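Trainee: See my_file_8.txt below, with compact mmCIF, C-alpha atoms and all ligand atoms.
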# COMPACT_ATOMS: atom_id res chain seq x y z
CA MET B 305 -12.50 -41.20 -46.78
CA LEU B 306 -15.14 -38.47 -46.69
CA LYS B 307 -16.15 -39.19 -43.09
CA ASP B 308 -12.54 -38.50 -41.97
CA ASP B 309 -12.59 -35.11 -43.65
CA VAL B 310 -16.02 -34.29 -42.21
CA LEU B 311 -14.89 -35.35 -38.74
CA LYS B 312 -11.78 -33.20 -39.07
CA LEU B 313 -13.87 -30.12 -39.83
CA ILE B 314 -16.46 -30.77 -37.12
CA CYS B 315 -13.75 -31.55 -34.51
CA ARG B 316 -11.84 -28.37 -35.26
CA GLU B 317 -14.87 -26.10 -34.96
CA LYS B 318 -15.39 -24.98 -31.37
CA ASP B 319 -18.92 -23.86 -32.19
CA TYR B 320 -21.35 -25.11 -34.87
CA ILE B 321 -20.33 -25.63 -38.49
CA SER B 322 -23.03 -25.58 -41.15
CA GLY B 323 -23.62 -28.48 -43.55
CA GLU B 324 -23.36 -25.89 -46.32
CA ALA B 325 -19.86 -24.84 -45.19
CA ILE B 326 -18.72 -28.48 -44.96
CA SER B 327 -20.00 -29.35 -48.43
CA ARG B 328 -18.38 -26.22 -49.89
CA LYS B 329 -15.00 -26.87 -48.22
CA LEU B 330 -14.92 -30.51 -49.28
CA GLY B 331 -16.56 -30.04 -52.70
CA VAL B 332 -19.25 -32.66 -52.05
CA SER B 333 -23.06 -32.61 -51.90
CA ARG B 334 -25.10 -31.87 -48.76
CA ALA B 335 -26.47 -35.43 -48.96
CA ALA B 336 -22.95 -36.83 -48.85
CA VAL B 337 -22.22 -34.72 -45.76
CA ASN B 338 -25.42 -35.98 -44.09
CA ASN B 339 -24.41 -39.57 -44.80
CA ALA B 340 -20.94 -39.03 -43.38
CA VAL B 341 -22.41 -37.51 -40.21
CA LYS B 342 -24.73 -40.50 -39.88
CA THR B 343 -21.78 -42.91 -40.15
CA LEU B 344 -19.87 -40.92 -37.52
CA ARG B 345 -22.88 -41.03 -35.18
CA ASP B 346 -23.09 -44.81 -35.71
CA GLU B 347 -19.44 -45.01 -34.63
CA GLY B 348 -20.33 -43.23 -31.38
CA TYR B 349 -19.57 -39.57 -32.15
CA GLU B 350 -22.18 -37.40 -30.45
CA ILE B 351 -22.95 -34.75 -33.03
CA ILE B 352 -25.91 -32.49 -32.44
CA SER B 353 -27.51 -30.65 -35.30
CA SER B 354 -29.52 -27.46 -35.32
CA THR B 355 -31.51 -26.28 -38.32
CA ASN B 356 -29.96 -22.86 -38.60
CA ARG B 357 -26.51 -23.46 -37.19
CA GLY B 358 -25.39 -26.88 -38.46
CA TYR B 359 -23.39 -29.51 -36.61
CA HIS B 360 -21.61 -29.48 -33.27
CA LEU B 361 -19.54 -32.27 -31.70
CA THR B 362 -20.33 -32.82 -28.01
CA ASN B 363 -18.53 -36.08 -27.32
CA SER B 364 -16.05 -38.36 -29.09
CA PRO B 365 -15.47 -42.09 -28.63
CA ASP B 366 -11.84 -43.09 -28.23
CA LEU B 367 -11.41 -44.16 -31.85
CA LEU B 368 -8.18 -44.00 -33.79
CA SER B 369 -9.03 -42.93 -37.32
CA LYS B 370 -7.44 -40.74 -39.93
CA GLY B 371 -10.06 -38.08 -39.14
CA SER B 372 -9.63 -38.15 -35.35
CA VAL B 373 -5.82 -37.95 -35.51
CA SER B 374 -5.46 -35.48 -38.39
CA ALA B 375 -8.04 -33.13 -36.83
CA LEU B 376 -5.32 -32.39 -34.28
CA LEU B 377 -2.54 -31.79 -36.80
CA PRO B 378 -1.83 -29.21 -39.49
CA ASP B 379 -3.69 -29.95 -42.75
CA ALA B 380 -0.59 -30.88 -44.75
CA ARG B 381 0.26 -33.62 -42.23
CA SER B 382 -2.61 -35.92 -43.23
CA THR B 383 -1.22 -36.61 -46.70
CA CYS B 384 1.18 -39.31 -45.52
CA LEU B 385 -0.81 -40.65 -42.56
CA HIS B 386 -2.37 -44.11 -42.81
CA VAL B 387 -4.68 -45.38 -40.07
CA PHE B 388 -5.97 -48.97 -39.98
CA ASP B 389 -8.29 -50.91 -37.69
CA SER B 390 -6.16 -54.03 -37.75
CA VAL B 391 -2.85 -55.03 -39.34
CA GLY B 392 -0.24 -57.73 -38.72
CA SER B 393 2.46 -55.25 -37.72
CA THR B 394 2.53 -51.51 -38.46
CA ASN B 395 6.30 -51.83 -39.01
CA ASN B 396 5.70 -54.37 -41.78
CA VAL B 397 2.96 -52.30 -43.42
CA LEU B 398 5.26 -49.29 -43.42
CA LYS B 399 8.15 -51.36 -44.78
CA ASP B 400 5.97 -52.25 -47.78
CA LEU B 401 5.00 -48.60 -48.28
CA ALA B 402 8.67 -47.59 -48.02
CA ALA B 403 9.60 -50.15 -50.69
CA LYS B 404 7.01 -48.48 -52.95
CA GLY B 405 8.67 -45.09 -52.41
CA ALA B 406 6.82 -43.61 -49.40
CA VAL B 407 8.37 -40.33 -48.28
CA SER B 408 10.21 -39.70 -45.02
CA GLY B 409 7.62 -38.82 -42.37
CA THR B 410 5.04 -41.36 -43.55
CA VAL B 411 3.15 -42.77 -40.56
CA VAL B 412 1.14 -45.97 -40.11
CA ILE B 413 -1.12 -46.34 -37.08
CA ALA B 414 -3.31 -49.29 -36.13
CA ASP B 415 -5.91 -49.86 -33.45
CA HIS B 416 -4.91 -53.54 -33.27
CA GLN B 417 -1.98 -55.70 -34.39
CA THR B 418 -2.29 -59.43 -34.91
CA GLY B 419 1.50 -59.88 -35.06
CA GLY B 420 2.95 -56.95 -33.12
CA LYS B 421 6.75 -57.31 -32.99
CA GLY B 422 8.96 -56.58 -30.01
CA ARG B 423 12.75 -56.49 -29.73
CA ARG B 424 14.80 -59.64 -30.04
CA GLY B 425 12.09 -61.57 -31.86
CA ARG B 426 9.59 -61.20 -29.05
CA SER B 427 5.95 -60.37 -29.66
CA PHE B 428 4.28 -57.15 -28.55
CA ALA B 429 0.75 -57.51 -27.14
CA SER B 430 -1.47 -55.22 -29.22
CA PRO B 431 -5.16 -55.60 -28.25
CA SER B 432 -7.79 -53.46 -29.94
CA GLY B 433 -9.34 -50.32 -28.43
CA ALA B 434 -6.55 -49.86 -25.92
CA GLY B 435 -3.09 -48.94 -27.19
CA ILE B 436 -1.35 -46.94 -29.89
CA TYR B 437 0.71 -48.89 -32.42
CA LEU B 438 2.50 -46.40 -34.61
CA SER B 439 5.34 -46.67 -37.10
CA TYR B 440 7.21 -43.68 -38.48
CA LEU B 441 9.34 -43.74 -41.62
CA PHE B 442 12.60 -41.81 -41.51
CA ARG B 443 15.06 -41.60 -44.36
CA PRO B 444 18.07 -39.87 -42.82
CA GLU B 445 20.85 -38.81 -45.11
CA SER B 446 23.51 -40.36 -42.95
CA GLY B 447 25.58 -43.47 -42.51
CA PHE B 448 24.99 -46.20 -39.98
CA ASP B 449 27.33 -44.87 -37.27
CA LYS B 450 24.92 -42.58 -35.39
CA ILE B 451 21.81 -44.60 -35.93
CA SER B 452 21.74 -46.26 -32.52
CA ASP B 453 21.18 -42.77 -31.05
CA LEU B 454 17.94 -42.58 -32.97
CA THR B 455 16.12 -44.99 -30.71
CA SER B 456 17.19 -43.00 -27.60
CA TRP B 457 16.07 -39.76 -29.26
CA THR B 458 12.74 -41.48 -29.96
CA ALA B 459 12.33 -42.41 -26.29
CA VAL B 460 12.70 -38.72 -25.44
CA ALA B 461 10.32 -37.66 -28.24
CA VAL B 462 7.60 -40.05 -27.04
CA ALA B 463 8.12 -39.05 -23.38
CA ASP B 464 7.66 -35.40 -24.39
CA ALA B 465 4.53 -36.30 -26.38
CA ILE B 466 3.05 -38.06 -23.32
CA LYS B 467 3.86 -35.01 -21.20
CA ARG B 468 2.11 -32.66 -23.65
CA ALA B 469 -0.89 -34.97 -24.18
CA TYR B 470 -1.58 -36.18 -20.65
CA ASP B 471 0.59 -34.00 -18.44
CA PHE B 472 2.84 -36.50 -16.76
CA GLU B 473 6.42 -37.48 -17.30
CA PRO B 474 7.37 -41.11 -17.90
CA GLN B 475 10.81 -42.45 -16.98
CA ILE B 476 13.25 -44.05 -19.39
CA LYS B 477 14.90 -47.40 -18.76
CA TRP B 478 18.04 -47.85 -20.86
CA VAL B 479 17.94 -48.24 -23.70
CA ASN B 480 14.46 -47.15 -24.72
CA ASP B 481 11.60 -48.48 -22.57
CA LEU B 482 9.28 -45.86 -21.14
CA LEU B 483 8.02 -46.58 -17.63
CA MET B 484 5.40 -45.29 -15.29
CA ASN B 485 5.72 -46.16 -11.61
CA ARG B 486 8.57 -48.47 -12.61
CA LYS B 487 6.56 -50.60 -15.06
CA LYS B 488 6.70 -50.49 -18.84
CA ILE B 489 4.13 -48.40 -20.75
CA CYS B 490 5.92 -48.10 -24.09
CA GLY B 491 8.35 -50.06 -26.23
CA ILE B 492 10.24 -48.95 -29.33
CA LEU B 493 11.50 -51.15 -32.15
CA THR B 494 13.60 -49.53 -34.87
CA GLU B 495 14.25 -51.54 -38.03
CA VAL B 496 16.88 -50.18 -40.38
CA SER B 497 17.75 -51.11 -43.95
CA VAL B 498 21.12 -50.15 -45.37
CA GLU B 499 22.20 -49.96 -49.00
CA GLY B 500 24.87 -52.63 -49.38
CA GLU B 501 27.16 -50.74 -51.76
CA SER B 502 27.36 -47.32 -50.13
CA GLY B 503 26.65 -48.27 -46.52
CA LEU B 504 24.12 -45.42 -46.47
CA ILE B 505 20.83 -45.85 -44.68
CA ASP B 506 17.87 -46.44 -46.92
CA THR B 507 15.03 -46.56 -44.38
CA CYS B 508 14.49 -46.44 -40.64
CA ILE B 509 11.14 -47.79 -39.54
CA ILE B 510 10.62 -46.55 -36.01
CA GLY B 511 7.88 -48.60 -34.31
CA ILE B 512 6.30 -47.25 -31.14
CA GLY B 513 3.81 -49.16 -29.00
CA VAL B 514 2.13 -47.38 -26.07
CA ASN B 515 -0.14 -49.04 -23.51
CA VAL B 516 -2.80 -46.40 -23.01
CA ASN B 517 -6.18 -47.78 -21.90
CA GLU B 518 -5.54 -51.48 -21.19
CA SER B 519 -7.29 -52.48 -17.96
CA SER B 520 -5.19 -55.60 -17.32
CA PHE B 521 -2.35 -57.71 -18.70
CA PRO B 522 -1.90 -61.47 -18.91
CA PRO B 523 -0.12 -62.94 -15.83
CA GLU B 524 3.21 -63.30 -17.67
CA LEU B 525 3.24 -59.54 -18.38
CA SER B 526 1.55 -58.04 -15.33
CA GLU B 527 4.79 -57.84 -13.29
CA ILE B 528 6.48 -55.92 -16.09
CA ALA B 529 3.85 -53.99 -18.01
CA THR B 530 1.22 -51.46 -17.12
CA SER B 531 -0.92 -48.91 -18.92
CA ILE B 532 -1.33 -45.20 -18.49
CA SER B 533 -4.95 -45.87 -17.48
CA ILE B 534 -4.08 -48.47 -14.80
CA GLU B 535 -1.56 -46.08 -13.25
CA ASN B 536 -4.27 -43.40 -13.13
CA GLY B 537 -6.89 -45.42 -11.29
CA GLY B 538 -8.70 -46.64 -14.43
CA ARG B 539 -9.26 -43.18 -15.97
CA ARG B 540 -9.43 -43.43 -19.76
CA PHE B 541 -7.26 -41.26 -22.01
CA ALA B 542 -8.02 -40.05 -25.55
CA ARG B 543 -5.67 -41.91 -27.88
CA PRO B 544 -5.94 -39.51 -30.87
CA VAL B 545 -4.48 -36.78 -28.67
CA LEU B 546 -1.37 -38.83 -27.87
CA ALA B 547 -1.06 -40.23 -31.40
CA SER B 548 -1.02 -36.70 -32.84
CA GLU B 549 1.51 -35.52 -30.25
CA ILE B 550 3.81 -38.46 -31.07
CA ILE B 551 3.68 -37.49 -34.74
CA ARG B 552 4.46 -33.87 -33.81
CA SER B 553 7.42 -35.00 -31.66
CA MET B 554 8.76 -37.30 -34.37
CA ASP B 555 8.50 -34.59 -37.02
CA GLU B 556 10.48 -32.33 -34.71
CA LEU B 557 13.04 -35.07 -34.04
CA THR B 558 13.67 -35.76 -37.72
CA GLY B 559 13.93 -32.01 -38.30
CA ASN B 560 16.61 -31.78 -35.59
CA TRP B 561 18.51 -34.91 -36.65
CA PRO B 562 21.44 -35.49 -36.21
CA ASP B 563 22.64 -32.45 -34.23
CA SER B 564 20.89 -31.43 -31.06
CA SER B 565 22.07 -31.49 -27.47
CA TYR B 566 18.46 -31.44 -26.25
CA TYR B 567 17.82 -35.18 -26.61
CA LEU B 568 20.90 -36.21 -24.62
CA GLU B 569 20.18 -33.78 -21.79
CA ARG B 570 16.54 -34.82 -21.60
CA TYR B 571 17.44 -38.53 -21.85
CA ARG B 572 19.74 -38.17 -18.85
CA GLU B 573 17.04 -36.29 -16.95
CA LEU B 574 14.41 -39.00 -17.47
CA ASN B 575 16.70 -42.02 -17.25
CA ILE B 576 16.45 -44.20 -14.17
CA THR B 577 19.08 -46.80 -15.08
CA ALA B 578 22.14 -44.73 -14.19
CA GLY B 579 22.85 -45.10 -10.50
CA SER B 580 21.12 -48.50 -10.27
CA GLU B 581 22.33 -52.02 -9.74
CA ILE B 582 21.96 -53.82 -13.04
CA THR B 583 22.57 -57.10 -14.78
CA ALA B 584 23.68 -56.75 -18.38
CA TYR B 585 22.82 -59.27 -21.05
CA PRO B 586 24.69 -59.26 -24.35
CA LEU B 587 22.69 -59.36 -27.60
CA LYS B 588 23.28 -63.07 -27.87
CA ILE B 589 22.43 -64.59 -24.51
CA GLU B 590 24.54 -67.66 -23.84
CA ASN B 591 23.59 -69.91 -20.92
CA GLY B 592 21.03 -67.23 -20.01
CA SER B 593 23.53 -65.57 -17.68
CA GLY B 594 24.35 -61.89 -17.46
CA ARG B 595 26.99 -59.79 -15.67
CA SER B 596 26.06 -57.68 -12.68
CA GLY B 597 27.36 -54.29 -11.66
CA THR B 598 26.40 -50.67 -11.15
CA ALA B 599 25.31 -48.39 -13.99
CA ILE B 600 27.31 -45.22 -13.44
CA GLY B 601 26.17 -42.96 -16.23
CA ILE B 602 24.92 -42.29 -19.75
CA ASN B 603 27.73 -41.38 -22.15
CA ASP B 604 27.43 -38.75 -24.87
CA ASP B 605 26.64 -41.47 -27.43
CA PHE B 606 23.82 -42.81 -25.20
CA SER B 607 25.86 -45.88 -24.25
CA LEU B 608 25.60 -47.02 -20.63
CA ARG B 609 28.76 -46.90 -18.51
CA VAL B 610 28.82 -49.83 -16.09
CA ARG B 611 31.22 -50.78 -13.32
CA PHE B 612 31.05 -54.56 -13.14
CA ARG B 613 31.58 -56.50 -9.92
CA ASP B 614 35.08 -57.52 -11.00
CA GLY B 615 36.01 -53.81 -11.04
CA SER B 616 36.11 -53.45 -14.82
CA VAL B 617 34.34 -50.47 -16.40
CA GLU B 618 32.65 -50.92 -19.77
CA ASP B 619 30.40 -48.89 -22.04
CA LEU B 620 27.42 -50.85 -23.28
CA LYS B 621 26.17 -49.76 -26.66
CA SER B 622 23.61 -52.51 -27.17
CA GLY B 623 22.08 -55.48 -25.42
CA GLU B 624 19.66 -55.35 -22.54
CA VAL B 625 19.90 -54.68 -18.84
CA SER B 626 17.75 -55.70 -15.90
CA VAL B 627 17.52 -53.00 -13.30
CA ARG B 628 17.29 -54.01 -9.65
CA GLY B 629 13.86 -53.03 -8.32
CA LEU B 630 12.22 -53.20 -11.75
CA TYR B 631 10.26 -55.96 -13.45
CA GLY B 632 10.50 -58.36 -10.51
CA TYR B 633 14.33 -58.19 -10.32
CA THR B 634 15.24 -58.14 -6.62
C1 LIG S 701 9.76 -53.78 -27.38
O1 LIG S 701 9.56 -53.19 -26.31
O2 LIG S 701 10.19 -54.94 -27.41
C2 LIG S 701 9.46 -53.06 -28.64
C3 LIG S 701 7.99 -53.02 -28.95
C4 LIG S 701 7.64 -52.24 -30.19
C5 LIG S 701 6.16 -52.35 -30.53
C6 LIG S 701 5.76 -51.46 -31.67
S1 LIG S 701 4.02 -51.35 -31.83
C7 LIG S 701 4.20 -50.53 -33.35
C8 LIG S 701 5.32 -51.22 -34.09
N1 LIG S 701 4.85 -52.37 -34.81
C9 LIG S 701 5.34 -53.51 -34.34
O3 LIG S 701 5.09 -54.64 -34.79
N2 LIG S 701 6.16 -53.25 -33.31
C10 LIG S 701 6.27 -51.84 -33.06
Will you turn the file into structure tokens for me?

Mentor:
Amino acid sequence: MLKDDVLKLICREKDYISGEAISRKLGVSRAAVNNAVKTLRDEGYEIISSTNRGYHLTNSPDLLSKGSVSALLPDARSTCLHVFDSVGSTNNVLKDLAAKGAVSGTVVIADHQTGGKGRRGRSFASPSGAGIYLSYLFRPESGFDKISDLTSWTAVAVADAIKRAYDFEPQIKWVNDLLMNRKKICGILTEVSVEGESGLIDTCIIGIGVNVNESSFPPELSEIATSISIENGGRRFARPVLASEIIRSMDELTGNWPDSSYYLERYRELNITAGSEITAYPLKIENGSGRSGTAIGINDDFSLRVRFRDGSVEDLKSGEVSVRGLYGYT
């Protein structure tokens, strides 16, 4: 849309940019530029204009749009970036695009999801104007064996993006929840499709949900979940900044895949599960009961080494763990 391109140019210019320069760069009329600026002002962008100098952005609302996110990325990056106000699930939208041949690196972002999906068939609360719901398409040229590492790499990539965008470091709870002050601020859901004949991976849809500016959570979530804003005394954070940093981190991750020691080292550094008392739940919970023990370390394949109370030591590759002291587990 023209307004996204106009916003991108105005955002990037530290000083004024003339209407003439915008219309020349975009190959559109001055009237079209004026209309786009009017639409942006209606959306809440504070753009001042001066007769001789042009337009200058003085304040931005916290809106996720193709313009606001791509203004912070290299030009070529906006070609496979799709930003929506509302979708069912960004993972599903991206799955459809992938089926139509979307390239690796395609990103879908939404301001709001009506059917946000969490792990194990749970839902993921996705209110509008608050979080970032982002799905990233990766088509690795590899078999299925290493793919469970991908979700741990993603946890590191998003943690690094948060550090660059907002200057604080989240913690990681095995396997891939990001926490702040011991409550969850981000969940990751990776959905993989494999070609039956060759066993090669066709698509990985990596879904990332970050609680950024939520001011509260429903009672059933408030023990477990928090937002970056709540943990910073209600200060609001610019979502386009984090969304663009997540894209940067994911581009870097897919460029490094599958060989890099960085992600394992960083995962161990940020992980708070190792060293804690845990209860492990297998993928299929039977009778709702888990096995308790002590998490003793993260193995090189990101599995969790646990010494159970009966003395046995096992490496958990999947499933979920409750960590004593987190999420109401005492
Ligand atoms: C979890 O913690 O259970 C995983 C949550 C993953 C949520 C994200 S939001 C973007 C993407 N679209 C979805 O429907 N889910 C993922």

Trainee: I want to know what sits within 10 Å of segment 539-541 of chain B, based on only C-alpha atoms, with residues of the same chain fewer than 6 positions away left out; could you give that as a short mmCIF file (atom, residue, chain, number, x, y, z; two decimals) with C-alpha atoms, keeping the file's coordinate frame?

Mentor:
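Output (selection_24.cif):
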data_model
loop_
_atom_site.label_atom_id
_atom_site.label_comp_id
_atom_site.auth_asym_id
_atom_site.auth_seq_id
_atom_site.Cartn_x
_atom_site.Cartn_y
_atom_site.Cartn_z
CA ASP B 366 -11.84 -43.09 -28.23
CA ALA B 434 -6.55 -49.86 -25.92
CA ALA B 469 -0.89 -34.97 -24.18
CA TYR B 470 -1.58 -36.18 -20.65
CA VAL B 516 -2.80 -46.40 -23.01
CA ASN B 517 -6.18 -47.78 -21.90
CA GLU B 518 -5.54 -51.48 -21.19
CA SER B 519 -7.29 -52.48 -17.96
CA ILE B 532 -1.33 -45.20 -18.49
CA SER B 533 -4.95 -45.87 -17.48
#

Trainee: Restricting the calculation to only C-alpha atoms and all ligand atoms: of B:Ala414, B:Ile476, B:Ile602, B:Val462, which residue gets closest to ligand LIG 701 (chain S)?

Mentor: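 The closest residue to ligand LIG 701 (chain S) is B:Ala414.
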
Trainee: Name each residue within 6 Å of ligand LIG 701 (chain S), counting all atoms listed in the file, as a list in words.

Mentor: Ser393, Thr394, Asn395, Gly420, Lys421, Gly422, Arg423, Phe428, Tyr437, Leu438, Ser439, Gly491, Ile492, Leu493, Gly511, Ile512 and Gly513 of chain B

Trainee: Nearest to Arg381 of chain B among B:Asp506, B:Asp555, B:Asp605, B:Glu581, with distances taken over all atoms listed in the file: which residue is it?

Mentor: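 Nearest candidate to Arg381 of chain B out of B:Asp506, B:Asp555, B:Asp605, B:Glu581: B:Asp555.
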
Trainee: Pick out the closest residue to Asp453 of chain B from this set: B:Pro562, B:Pro378, B:Pro474, B:Gly503. Count only C-alpha atoms.

Mentor: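 Looking only at the distances to Asp453 of chain B, the closest residue turns out to be B:Pro562.
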